[in-house]
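Enquirer: mmCIF, C-alpha atoms, saved as upload27.cif, coming up:
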```cif
data_data
#
loop_
_atom_site.label_atom_id
_atom_site.label_comp_id
_atom_site.auth_asym_id
_atom_site.auth_seq_id
_atom_site.Cartn_x
_atom_site.Cartn_y
_atom_site.Cartn_z
CA MET A 1 0.00 0.00 0.00
CA PHE A 2 2.62 2.50 1.11
CA LEU A 3 4.92 1.26 -1.63
CA PHE A 4 2.33 2.21 -4.27
CA THR A 5 1.83 5.74 -2.93
CA PHE A 6 5.60 6.15 -2.73
CA LEU A 7 6.06 4.88 -6.31
CA GLU A 8 3.33 7.18 -7.63
CA ALA A 9 4.94 10.18 -5.99
CA ALA A 10 8.32 9.21 -7.40
CA VAL A 11 6.97 8.83 -10.93
CA ALA A 12 5.19 12.16 -10.76
CA ASN A 13 8.26 14.12 -9.66
CA LEU A 14 11.33 12.41 -11.07
CA GLY A 15 10.21 9.68 -13.39
CA ILE A 16 10.68 5.99 -13.00
CA GLY A 17 13.94 6.06 -14.94
CA THR A 18 15.79 7.84 -12.15
CA LEU A 19 14.29 5.47 -9.56
CA GLY A 20 15.43 2.49 -11.60
CA ALA A 21 18.91 3.94 -12.01
CA ALA A 22 19.32 4.52 -8.28
CA LEU A 23 18.05 1.02 -7.41
CA GLY A 24 20.33 -0.52 -10.03
CA ALA A 25 23.39 1.27 -8.69
CA GLY A 26 22.60 0.07 -5.17
CA LEU A 27 22.18 -3.54 -6.32
CA ALA A 28 25.45 -3.35 -8.27
CA ALA A 29 27.21 -2.14 -5.11
CA ILE A 30 25.76 -5.11 -3.19
CA GLY A 31 27.02 -7.48 -5.87
CA ALA A 32 30.52 -6.00 -5.84
CA GLY A 33 30.62 -6.06 -2.03
CA LEU A 34 29.56 -9.72 -1.83
CA GLY A 35 32.00 -10.88 -4.50
CA ILE A 36 35.03 -8.98 -3.28
CA GLY A 37 34.21 -9.86 0.34
CA LYS A 38 34.35 -13.56 -0.47
CA ILE A 39 37.64 -13.16 -2.28
CA GLY A 40 39.10 -11.22 0.63
CA SER A 41 38.01 -13.80 3.17
CA TYR A 42 39.48 -16.73 1.23
CA ALA A 43 42.68 -14.77 0.61
CA MET A 44 43.08 -14.10 4.33
CA GLU A 45 42.48 -17.75 5.13
CA ALA A 46 45.08 -18.77 2.55
CA ILE A 47 47.65 -16.32 3.91
CA ALA A 48 46.99 -17.59 7.43
CA ARG A 49 47.68 -21.14 6.25
CA GLN A 50 50.89 -20.26 4.41
CA PRO A 51 52.39 -16.86 5.30
CA GLU A 52 55.32 -17.29 2.86
CA ALA A 53 52.92 -17.12 -0.11
CA ALA A 54 51.41 -13.84 1.11
CA ASN A 55 52.79 -11.75 -1.80
CA ASP A 56 51.49 -14.08 -4.51
CA ILE A 57 48.12 -14.38 -2.84
CA ARG A 58 47.81 -10.63 -2.38
CA MET A 59 48.49 -9.94 -6.05
CA THR A 60 46.02 -12.62 -7.16
CA MET A 61 43.38 -11.22 -4.81
CA ILE A 62 43.78 -7.73 -6.27
CA ILE A 63 43.54 -9.03 -9.84
CA ALA A 64 40.39 -11.05 -9.07
CA SER A 65 38.79 -8.04 -7.33
CA ALA A 66 39.50 -5.84 -10.35
CA LEU A 67 37.79 -8.36 -12.62
CA ILE A 68 34.70 -8.54 -10.38
CA GLU A 69 34.55 -4.77 -10.18
CA GLY A 70 34.67 -4.68 -13.97
CA ALA A 71 31.46 -6.70 -14.08
CA CYS A 72 29.72 -4.48 -11.52
CA LEU A 73 30.83 -1.35 -13.33
CA PHE A 74 29.02 -2.58 -16.44
CA ALA A 75 25.87 -2.17 -14.33
CA ILE A 76 26.96 1.26 -13.08
CA VAL A 77 27.52 2.47 -16.64
CA VAL A 78 23.97 1.43 -17.57
CA CYS A 79 22.68 3.27 -14.48
CA PHE A 80 24.52 6.43 -15.50
CA LEU A 81 22.84 6.21 -18.89
CA ALA A 82 19.41 5.84 -17.28
CA LEU A 83 19.92 8.62 -14.73
CA MET B 1 46.31 16.28 23.70
CA ASN B 2 43.43 17.26 26.01
CA HIS B 3 44.30 20.95 25.52
CA LYS B 4 44.15 20.65 21.71
CA PHE B 5 40.75 18.95 21.88
CA LYS B 6 39.38 21.81 24.00
CA ILE B 7 40.58 24.41 21.49
CA ILE B 8 39.04 22.54 18.55
CA ALA B 9 35.75 22.10 20.44
CA CYS B 10 35.64 25.85 21.20
CA LEU B 11 36.25 26.78 17.55
CA LEU B 12 33.59 24.38 16.32
CA SER B 13 30.97 25.62 18.75
CA ILE B 14 31.68 29.24 17.74
CA LEU B 15 30.94 28.27 14.14
CA LEU B 16 27.81 26.43 15.26
CA PHE B 17 26.24 29.34 17.10
CA TRP B 18 27.44 32.06 14.78
CA GLY B 19 24.16 32.64 13.05
CA THR B 20 25.38 34.36 9.88
CA PRO B 21 22.85 34.24 7.08
CA LEU B 22 24.34 31.97 4.43
CA GLN B 23 23.56 32.54 0.77
CA ALA B 24 21.62 29.66 -0.65
CA GLU B 25 22.07 29.22 -4.39
CA ASP B 26 20.52 26.38 -6.26
CA ILE B 27 23.30 23.87 -6.67
CA ASP B 28 22.74 21.37 -9.46
CA ALA B 29 25.02 18.58 -8.29
CA LYS B 30 24.29 16.34 -11.26
CA GLN B 31 25.25 19.05 -13.74
CA MET B 32 28.44 19.81 -11.76
CA VAL B 33 29.47 16.16 -11.79
CA PHE B 34 28.80 15.64 -15.48
CA SER B 35 30.56 18.85 -16.52
CA HIS B 36 33.70 17.76 -14.64
CA ILE B 37 33.68 14.24 -16.03
CA GLY B 38 32.86 15.18 -19.61
CA ASP B 39 34.72 16.93 -22.37
CA SER B 40 34.29 20.62 -23.22
CA TYR B 41 35.46 23.14 -25.79
CA GLY B 42 37.05 25.56 -23.31
CA TRP B 43 38.98 24.56 -20.17
CA HIS B 44 36.85 25.95 -17.33
CA ILE B 45 38.99 26.53 -14.25
CA THR B 46 36.69 28.26 -11.79
CA THR B 47 33.87 30.78 -11.40
CA TRP B 48 34.76 33.85 -9.34
CA GLY B 49 31.40 35.37 -8.41
CA GLU B 50 29.84 36.01 -11.80
CA THR B 51 32.87 35.70 -14.08
CA HIS B 52 33.90 32.36 -15.47
CA ILE B 53 37.65 31.90 -15.60
CA THR B 54 38.11 29.68 -18.64
CA VAL B 55 41.16 28.90 -20.74
CA PRO B 56 39.96 29.28 -24.35
CA LEU B 57 40.94 26.44 -26.66
CA PRO B 58 40.99 26.38 -30.48
CA VAL B 59 37.85 25.14 -32.20
CA ILE B 60 38.76 23.65 -35.59
CA VAL B 61 35.77 22.86 -37.80
CA ILE B 62 35.56 22.00 -41.50
CA SER B 63 32.11 22.57 -42.93
CA LYS B 64 30.80 22.09 -46.44
CA THR B 65 29.69 25.72 -46.87
CA GLU B 66 32.07 27.74 -44.69
CA GLY B 67 35.23 25.74 -45.27
CA PHE B 68 38.10 25.45 -42.81
CA ASN B 69 37.51 27.54 -39.68
CA VAL B 70 39.79 28.00 -36.68
CA PHE B 71 38.76 30.22 -33.79
CA LEU B 72 39.02 30.33 -30.01
CA SER B 73 36.26 28.74 -27.95
CA SER B 74 35.76 32.03 -26.07
CA LYS B 75 33.79 33.24 -29.10
CA LEU B 76 31.21 30.50 -28.46
CA GLU B 77 30.75 31.07 -24.73
CA GLU B 78 27.27 31.75 -23.32
CA GLY B 79 25.51 30.48 -26.43
CA GLU B 80 26.83 33.10 -28.83
CA THR B 81 27.02 32.42 -32.52
CA TYR B 82 30.19 33.01 -34.54
CA ASN B 83 30.29 32.61 -38.32
CA ASN B 84 27.09 30.55 -38.18
CA PHE B 85 28.65 28.15 -35.64
CA LYS B 86 27.29 27.68 -32.14
CA ILE B 87 27.18 25.10 -29.39
CA ALA B 88 23.81 23.34 -29.56
CA GLU B 89 21.85 23.50 -26.31
CA GLU B 90 19.64 20.46 -26.52
CA GLY B 91 18.63 17.77 -28.95
CA LYS B 92 20.79 15.23 -30.72
CA TYR B 93 23.92 17.40 -30.79
CA ALA B 94 23.63 18.90 -27.28
CA GLY B 95 26.94 20.39 -26.16
CA LYS B 96 28.65 20.10 -29.56
CA VAL B 97 29.48 22.68 -32.19
CA VAL B 98 26.86 22.82 -34.94
CA GLU B 99 26.48 24.98 -38.01
CA VAL B 100 23.24 26.90 -38.45
CA THR B 101 22.32 26.60 -42.14
CA PRO B 102 20.26 29.42 -43.77
CA SER B 103 17.16 27.22 -43.56
CA GLY B 104 17.55 27.05 -39.74
CA GLU B 105 18.70 23.42 -39.69
CA LEU B 106 21.51 22.32 -37.38
CA VAL B 107 24.26 20.48 -39.22
CA ARG B 108 27.31 18.96 -37.58
CA PRO B 109 30.56 19.87 -39.40
CA VAL B 110 33.77 17.85 -39.32
CA ASP B 111 35.02 18.67 -35.83
CA LEU B 112 38.78 18.52 -35.22
CA SER B 113 38.83 20.88 -32.23
CA ILE B 114 41.46 20.75 -29.52
CA THR B 115 39.03 20.13 -26.67
CA LYS B 116 39.95 19.80 -22.99
CA ASN B 117 40.56 16.05 -23.26
CA ALA B 118 42.58 16.43 -26.47
CA LEU B 119 44.86 19.05 -24.89
CA ALA B 120 45.20 16.95 -21.75
CA LEU B 121 46.14 13.90 -23.85
CA ILE B 122 48.83 15.93 -25.63
CA LEU B 123 50.21 17.27 -22.34
CA ASN B 124 50.22 13.88 -20.65
CA SER B 125 51.90 12.27 -23.65
CA ILE B 126 54.61 14.95 -23.58
CA ILE B 127 55.14 14.27 -19.86
CA LEU B 128 55.31 10.51 -20.44
CA ILE B 129 57.73 10.81 -23.38
CA SER B 130 60.02 13.21 -21.53
CA ILE B 131 60.19 10.99 -18.44
CA ILE B 132 61.00 7.86 -20.44
CA MET B 133 63.49 9.58 -22.76
CA PHE B 134 65.25 11.12 -19.76
CA VAL B 135 65.61 7.70 -18.15
CA ALA B 136 66.76 6.12 -21.42
CA LYS B 137 69.36 8.83 -22.05
CA TRP B 138 70.80 8.27 -18.56
CA TYR B 139 71.48 4.62 -19.45
CA LYS B 140 73.10 5.55 -22.75
CA LYS B 141 75.53 7.83 -20.97
CA GLN B 142 76.40 5.38 -18.17
CA PRO B 143 75.91 1.88 -19.52
CA VAL B 144 77.53 -0.03 -16.66
CA SER B 145 76.79 1.80 -13.42
CA ALA B 146 73.75 1.34 -11.20
CA PRO B 147 71.31 4.26 -11.12
CA LYS B 148 70.24 6.20 -8.05
CA GLY B 149 67.46 8.67 -7.32
CA PHE B 150 64.73 9.26 -9.90
CA VAL B 151 66.29 7.02 -12.56
CA GLY B 152 66.71 4.24 -9.98
CA ALA B 153 63.06 4.50 -8.95
CA MET B 154 61.93 4.41 -12.58
CA GLU B 155 64.12 1.38 -13.22
CA MET B 156 62.51 -0.42 -10.27
CA PHE B 157 59.05 0.47 -11.55
CA ILE B 158 59.68 -0.47 -15.19
CA MET B 159 61.50 -3.70 -14.34
CA ASP B 160 58.74 -4.70 -11.92
CA VAL B 161 56.10 -4.28 -14.64
CA HIS B 162 58.35 -6.12 -17.10
CA ASP B 163 59.29 -9.04 -14.86
CA SER B 164 56.11 -9.71 -12.96
CA ILE B 165 53.38 -8.78 -15.46
CA ILE B 166 54.73 -9.11 -19.01
CA LYS B 167 57.25 -11.94 -18.81
CA PRO B 168 55.11 -14.57 -17.05
CA SER B 169 51.85 -13.71 -18.83
CA VAL B 170 53.06 -13.55 -22.42
CA GLY B 171 55.43 -16.50 -22.07
CA LYS B 172 57.82 -17.27 -24.90
CA GLY B 173 58.61 -14.39 -27.25
CA TYR B 174 57.62 -11.68 -24.80
CA GLU B 175 60.39 -9.34 -26.01
CA LYS B 176 58.44 -8.37 -29.13
CA TYR B 177 55.39 -7.25 -27.17
CA ALA B 178 57.10 -5.67 -24.16
CA PRO B 179 57.36 -2.18 -25.76
CA TYR B 180 53.62 -1.99 -26.51
CA LEU B 181 52.61 -3.36 -23.11
CA LEU B 182 54.97 -1.10 -21.17
CA THR B 183 53.71 1.91 -23.13
CA ALA B 184 50.10 0.96 -22.40
CA PHE B 185 50.83 0.59 -18.67
CA PHE B 186 52.62 3.91 -18.26
CA PHE B 187 50.21 5.79 -20.52
CA ILE B 188 47.21 4.61 -18.48
CA PHE B 189 48.99 5.17 -15.15
CA ILE B 190 50.12 8.72 -15.95
CA ASN B 191 46.71 9.70 -17.37
CA ASN B 192 44.94 8.29 -14.30
CA VAL B 193 47.22 10.13 -11.88
CA MET B 194 47.06 13.42 -13.78
CA GLY B 195 43.26 13.16 -13.70
CA LEU B 196 43.40 13.17 -9.90
CA ILE B 197 45.35 16.43 -9.58
CA PRO B 198 42.69 19.17 -9.45
CA ILE B 199 44.78 22.14 -10.66
CA PHE B 200 45.12 23.26 -14.28
CA PRO B 201 46.82 21.88 -16.49
CA ALA B 202 46.12 18.52 -14.85
CA GLY B 203 42.69 17.41 -13.78
CA ALA B 204 41.13 16.44 -17.10
CA ASN B 205 39.33 13.11 -17.06
CA THR B 206 41.15 11.51 -20.00
CA THR B 207 40.99 7.79 -19.20
CA GLY B 208 37.37 8.29 -18.20
CA ASN B 209 36.59 9.18 -21.81
CA ILE B 210 35.24 6.13 -23.56
CA ALA B 211 36.79 7.11 -26.90
CA ILE B 212 40.28 7.00 -25.40
CA THR B 213 39.77 3.65 -23.67
CA MET B 214 38.24 2.33 -26.90
CA VAL B 215 41.42 3.19 -28.80
CA LEU B 216 43.53 1.44 -26.14
CA ALA B 217 41.30 -1.65 -26.32
CA LEU B 218 41.46 -1.56 -30.14
CA CYS B 219 45.27 -1.53 -29.98
CA THR B 220 45.19 -4.70 -27.88
CA PHE B 221 42.59 -6.19 -30.24
CA PHE B 222 44.80 -5.60 -33.28
CA VAL B 223 47.98 -6.84 -31.60
CA VAL B 224 46.27 -10.04 -30.39
CA ASN B 225 44.54 -10.91 -33.63
CA ILE B 226 47.11 -9.81 -36.19
CA THR B 227 50.01 -11.56 -34.48
CA GLY B 228 47.93 -14.63 -33.66
CA THR B 229 49.41 -17.86 -34.93
CA LYS B 230 47.59 -20.10 -37.42
CA GLU B 231 46.88 -22.53 -34.59
CA TYR B 232 45.09 -19.71 -32.71
CA TRP B 233 42.78 -19.02 -35.64
CA LYS B 234 42.22 -22.73 -36.16
CA GLU B 235 41.13 -23.10 -32.55
CA ILE B 236 38.58 -20.32 -33.06
CA LEU B 237 37.10 -21.25 -36.42
CA TRP B 238 37.38 -25.03 -36.25
CA PRO B 239 37.89 -25.97 -32.59
CA ASP B 240 38.68 -29.43 -31.34
CA VAL B 241 35.11 -30.25 -30.25
CA PRO B 242 32.51 -32.87 -31.30
CA VAL B 243 31.41 -32.47 -34.94
CA TRP B 244 27.79 -31.61 -34.20
CA MET B 245 28.88 -28.42 -32.46
CA LYS B 246 30.51 -27.21 -35.66
CA VAL B 247 28.79 -28.60 -38.73
CA PRO B 248 25.12 -27.70 -39.37
CA ILE B 249 25.11 -24.64 -37.10
CA PRO B 250 28.62 -23.49 -36.13
CA LEU B 251 27.82 -23.03 -32.44
CA MET B 252 31.34 -23.11 -31.01
CA PRO B 253 32.91 -20.94 -33.76
CA ILE B 254 30.21 -18.28 -33.21
CA ILE B 255 30.83 -18.31 -29.47
CA GLU B 256 34.58 -18.07 -30.04
CA ILE B 257 34.16 -15.16 -32.48
CA PHE B 258 32.01 -13.37 -29.88
CA GLY B 259 34.84 -13.97 -27.44
CA ILE B 260 37.32 -12.17 -29.71
CA PHE B 261 35.22 -9.02 -29.40
CA THR B 262 34.03 -9.22 -25.81
CA LYS B 263 37.50 -9.43 -24.28
CA PRO B 264 38.74 -6.01 -25.53
CA PHE B 265 35.24 -4.61 -24.92
CA ALA B 266 35.51 -5.58 -21.26
CA LEU B 267 38.97 -3.97 -21.11
CA MET B 268 37.49 -0.74 -22.45
CA ILE B 269 34.49 -0.63 -20.13
CA ARG B 270 36.46 -1.65 -17.03
CA LEU B 271 38.95 1.21 -17.31
CA PHE B 272 36.33 3.79 -18.34
CA ALA B 273 33.83 2.95 -15.60
CA ASN B 274 36.40 2.66 -12.80
CA ILE B 275 37.97 6.04 -13.47
CA THR B 276 34.68 7.86 -14.21
CA ALA B 277 32.97 6.45 -11.14
CA GLY B 278 35.91 7.45 -8.96
CA HIS B 279 35.85 11.04 -10.20
CA ALA B 280 32.06 11.21 -9.82
CA ILE B 281 32.30 10.07 -6.20
CA ILE B 282 34.99 12.59 -5.29
CA ILE B 283 33.11 15.49 -6.90
CA SER B 284 29.85 14.45 -5.22
CA LEU B 285 31.54 14.32 -1.82
CA THR B 286 32.98 17.78 -2.35
CA SER B 287 29.64 19.18 -3.53
CA LEU B 288 28.06 17.91 -0.27
CA ILE B 289 29.49 21.04 1.36
CA PHE B 290 27.70 23.33 -1.08
CA ILE B 291 24.42 21.44 -1.04
CA THR B 292 24.10 21.65 2.74
CA VAL B 293 24.78 25.40 2.85
CA ALA B 294 21.08 26.18 2.89
CA MET B 295 20.50 23.95 5.93
CA GLY B 296 22.18 26.22 8.44
CA PRO B 297 25.69 26.45 9.88
CA ALA B 298 25.43 23.44 12.21
CA VAL B 299 24.59 20.90 9.52
CA ASN B 300 26.99 22.60 7.14
CA THR B 301 29.95 22.37 9.52
CA GLY B 302 29.27 18.74 10.25
CA MET B 303 28.95 17.87 6.60
CA THR B 304 32.12 19.85 5.79
CA VAL B 305 34.17 17.84 8.27
CA LEU B 306 32.66 14.58 7.02
CA SER B 307 33.16 15.61 3.38
CA VAL B 308 36.82 16.51 3.90
CA VAL B 309 37.60 13.23 5.67
CA LEU B 310 35.76 11.15 3.07
CA SER B 311 37.35 13.08 0.19
CA ILE B 312 40.85 12.39 1.52
CA PHE B 313 39.99 8.71 1.89
CA MET B 314 38.46 8.54 -1.61
CA ASN B 315 41.49 10.26 -3.13
CA CYS B 316 43.78 7.64 -1.57
CA VAL B 317 41.52 4.89 -2.90
CA GLU B 318 41.58 6.52 -6.35
CA LEU B 319 45.39 6.61 -6.31
CA LEU B 320 45.36 2.86 -5.64
CA VAL B 321 42.73 2.36 -8.35
CA ALA B 322 44.92 4.32 -10.81
CA TYR B 323 47.75 1.82 -10.33
CA ILE B 324 45.49 -1.24 -10.19
CA GLN B 325 43.60 -0.37 -13.40
CA ALA B 326 46.85 0.14 -15.32
CA TYR B 327 48.13 -3.16 -13.86
CA VAL B 328 44.97 -5.09 -14.76
CA PHE B 329 44.81 -3.66 -18.30
CA THR B 330 48.44 -4.56 -18.98
CA MET B 331 48.13 -7.98 -17.37
CA LEU B 332 45.00 -8.93 -19.28
CA SER B 333 46.50 -7.67 -22.55
CA SER B 334 49.62 -9.77 -21.93
CA ILE B 335 47.51 -12.82 -21.13
CA PHE B 336 45.51 -12.39 -24.34
CA ILE B 337 48.71 -12.00 -26.35
CA GLY B 338 50.17 -15.08 -24.66
CA LEU B 339 47.02 -17.06 -25.44
CA SER B 340 47.19 -16.05 -29.09
CA GLN B 341 50.75 -17.35 -29.45
CA VAL B 342 49.59 -20.93 -29.13
CA GLU B 343 51.61 -23.70 -30.77
CA LYS B 344 50.26 -26.89 -32.21
CA HIS B 345 49.72 -29.41 -29.42
CA LYS B 346 51.66 -32.59 -29.94
CA VAL B 347 49.38 -35.52 -29.20
CA GLU B 348 51.29 -37.98 -27.02
CA ALA B 349 51.22 -41.56 -28.16
CA TYR B 350 50.38 -43.96 -25.33
#
```
When written as structure tokens, how does the structure in this file appear?
Expert:
Amino acid sequence: MFLFTFLEAAVANLGIGTLGAALGAGLAAIGAGLGIGKIGSYAMEAIARQPEAANDIRMTMIIASALIEGACLFAIVVCFLAL
Amino acid sequence: MNHKFKIIACLLSILLFWGTPLQAEDIDAKQMVFSHIGDSYGWHITTWGETHITVPLPVIVISKTEGFNVFLSSKLEEGETYNNFKIAEEGKYAGKVVEVTPSGELVRPVDLSITKNALALILNSIILISIIMFVAKWYKKQPVSAPKGFVGAMEMFIMDVHDSIIKPSVGKGYEKYAPYLLTAFFFIFINNVMGLIPIFPAGANTTGNIAITMVLALCTFFVVNITGTKEYWKEILWPDVPVWMKVPIPLMPIIEIFGIFTKPFALMIRLFANITAGHAIIISLTSLIFITVAMGPAVNTGMTVLSVVLSIFMNCVELLVAYIQAYVFTMLSSIFIGLSQVEKHKVEAY
């Protein structure tokens, strides 16, 4: 009920495109956070198991995070276009 | 320590209760962000009260009726028209130079202007070339001694990129591709870092311009596919999979051909979106101060402190992102080049 009144007000003032863009950007941030969080946690576990490999693991973690962020930024670019 | 805290608390509370009427202008944050991220004909530095302080840049247009025209962008400021040319306000060509034909139509001429991004590209390339040539000349003069200072730091940097990114990822024959990959890395790194410095002549968002990242991705695309071995092309067009995936409908070849295009496309979008998003965040945080001006001095002071702290943090993150994006672009390009140098697999006889 409240959701409908809220949506109607949003459409009247800003248009549903802006609402969609903002929601999309938030969801993309959640996706990036989840993915990179998992990578970070496994990397820390791996370093705890074998501290000598810390440098290799750190570099691999950064590369994997950059790739995940690339995917999430596809979504952000689409949100910018819809803003 | 306790004494310093008391002084800071006193100063803050003075600001809080000092009820000066603050001017509230309408701040359009979205327009501010997009004008900083995007390209423009003149290089706008600041606005002092009512006057815009802009560095005028040459606008070079070739039109069918007027011919070759060169003039400064200051003639087109504030929507003026010069020689039938003006900057279109809205519509298809919003923000670009159009020619007003006698019938009132807006036609887009051939536009070779030196815009803000073009000038920034030229400046950054000059900086990059002078740094590298300086380092190279040092080695020519002293071929056997070990460098110190700036040349030593550059050697560490260049050799680190060469030994840990290019050599392992490209594999055999990496010497041929090292010049291109090193150039790509340092070009992207210097452009990213110069985009973070807010003072003229730095501060233009070059790597956040999708045309520039597209050219970089196209360079990788051409290097990978033109120097690909015959075995590489065979694995794309006639891969080693069951016959039904190739013969009536070439499923696997179509997927592989898509792959040739999506990999550089991802390179382009990754760099563009990372750098643009970073700049947008920093400008939004800074504009928080101006948006909260109308809400009174208490809220404004709080938001100013918060904005300054967050801006410093975001700038540090953006510095890291500048290095990481250059690293990831170079590493992925080297991996693609390494994958394209595939040799024929020898089937072992059991």
Enquirer: What are the residues of chain B that have an atom within 10 Å of an atom of chain A, counting only C-alpha atoms, as a list in words?
Expert: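 That gives Lys30, Ala266, Leu267, Met268, Ile269, Arg270, Leu271, Phe272, Ala273, Asn274, Thr276, Ala277, Val321, Ile324, Gln325, Tyr327, Val328, Phe329, Met331 and Leu332 of chain B for chain B.
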Enquirer: Mind writing the picked residues with C-alpha atoms as a compact mmCIF listing (two decimals), in the coordinates of the input?
Expert:
```
# COMPACT_ATOMS: atom_id res chain seq x y z
CA LYS B 30 24.29 16.34 -11.26
CA ALA B 266 35.51 -5.58 -21.26
CA LEU B 267 38.97 -3.97 -21.11
CA MET B 268 37.49 -0.74 -22.45
CA ILE B 269 34.49 -0.63 -20.13
CA ARG B 270 36.46 -1.65 -17.03
CA LEU B 271 38.95 1.21 -17.31
CA PHE B 272 36.33 3.79 -18.34
CA ALA B 273 33.83 2.95 -15.60
CA ASN B 274 36.40 2.66 -12.80
CA THR B 276 34.68 7.86 -14.21
CA ALA B 277 32.97 6.45 -11.14
CA VAL B 321 42.73 2.36 -8.35
CA ILE B 324 45.49 -1.24 -10.19
CA GLN B 325 43.60 -0.37 -13.40
CA TYR B 327 48.13 -3.16 -13.86
CA VAL B 328 44.97 -5.09 -14.76
CA PHE B 329 44.81 -3.66 -18.30
CA MET B 331 48.13 -7.98 -17.37
CA LEU B 332 45.00 -8.93 -19.28
```
Enquirer: Residues within 12 Å of Gly259 in chain B, please, as a list in words. Count only C-alpha atoms; anything in the same chain fewer than 5 positions from it doesn't count.
Expert: Phe221, Asn225, Ile236, Leu237, Met252, Pro253, Ile254, Pro264, Phe265, Ala266 and Phe336 of chain B
Enquirer: Save the residues we just selected, C-alpha atoms, as an mmCIF file, in the coordinates of the input?
Expert:
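Listing of out-v3.cif after writing:
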```cif
data_model
loop_
_atom_site.group_PDB
_atom_site.id
_atom_site.type_symbol
_atom_site.label_atom_id
_atom_site.label_comp_id
_atom_site.auth_asym_id
_atom_site.auth_seq_id
_atom_site.Cartn_x
_atom_site.Cartn_y
_atom_site.Cartn_z
ATOM 1 C CA PHE B 221 42.590 -6.190 -30.240
ATOM 2 C CA ASN B 225 44.540 -10.910 -33.630
ATOM 3 C CA ILE B 236 38.580 -20.320 -33.060
ATOM 4 C CA LEU B 237 37.100 -21.250 -36.420
ATOM 5 C CA MET B 252 31.340 -23.110 -31.010
ATOM 6 C CA PRO B 253 32.910 -20.940 -33.760
ATOM 7 C CA ILE B 254 30.210 -18.280 -33.210
ATOM 8 C CA PRO B 264 38.740 -6.010 -25.530
ATOM 9 C CA PHE B 265 35.240 -4.610 -24.920
ATOM 10 C CA ALA B 266 35.510 -5.580 -21.260
ATOM 11 C CA PHE B 336 45.510 -12.390 -24.340
#
```
Enquirer: Near range 73-83 of chain B, within 9 Å and counting only C-alpha atoms, which residues show up once chain neighbours fewer than 6 positions away are dropped, as a list of chain:residue names?
Expert: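 The residues satisfying every condition are B:Tyr41, B:Gly42, B:Thr54, B:Val55, B:Pro56, B:Leu57, B:Pro58, B:Val59, B:Glu66, B:Glu89, B:Val97, B:Glu99, B:Val100.
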Enquirer: Write out, as a CSV table (one decimal), keeping the file's coordinate frame, the residues just selected, with C-alpha atoms.
Expert:
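Final output, selection30.csv:
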```csv
chain,number,residue,atom,x,y,z
B,41,TYR,CA,35.5,23.1,-25.8
B,42,GLY,CA,37.0,25.6,-23.3
B,54,THR,CA,38.1,29.7,-18.6
B,55,VAL,CA,41.2,28.9,-20.7
B,56,PRO,CA,40.0,29.3,-24.4
B,57,LEU,CA,40.9,26.4,-26.7
B,58,PRO,CA,41.0,26.4,-30.5
B,59,VAL,CA,37.8,25.1,-32.2
B,66,GLU,CA,32.1,27.7,-44.7
B,89,GLU,CA,21.8,23.5,-26.3
B,97,VAL,CA,29.5,22.7,-32.2
B,99,GLU,CA,26.5,25.0,-38.0
B,100,VAL,CA,23.2,26.9,-38.4
```
Enquirer: What's the separation between CA of Ile199 in chain B and CA of Ile212 in chain B, in Å to one decimal place?
Expert: 21.6 Å
Enquirer: Check the smallest atom-to-atom distance from each of A:Ala54, A:Leu27, A:Ala21, A:Met61 to Ile39 in chain A using only C-alpha atoms, then report the winner.
Expert: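 Counting only C-alpha atoms, the residue closest to Ile39 in chain A is A:Met61.
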Enquirer: Using all atoms listed in the file for the distances, tell me which of B:Asn300, B:Ser169, B:Thr207, B:Thr286 is nearest to Gly338 in chain B.
Expert: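 Nearest to Gly338 in chain B: B:Ser169.
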Enquirer: I want to know what sits within 12 Å of Tyr139 in chain B, based on all atoms listed in the file, with residues of the same chain fewer than 4 positions away left out; could you give that as a ChimeraX atom specification?
Expert: /B:132-135,143-148,151-152,154-155
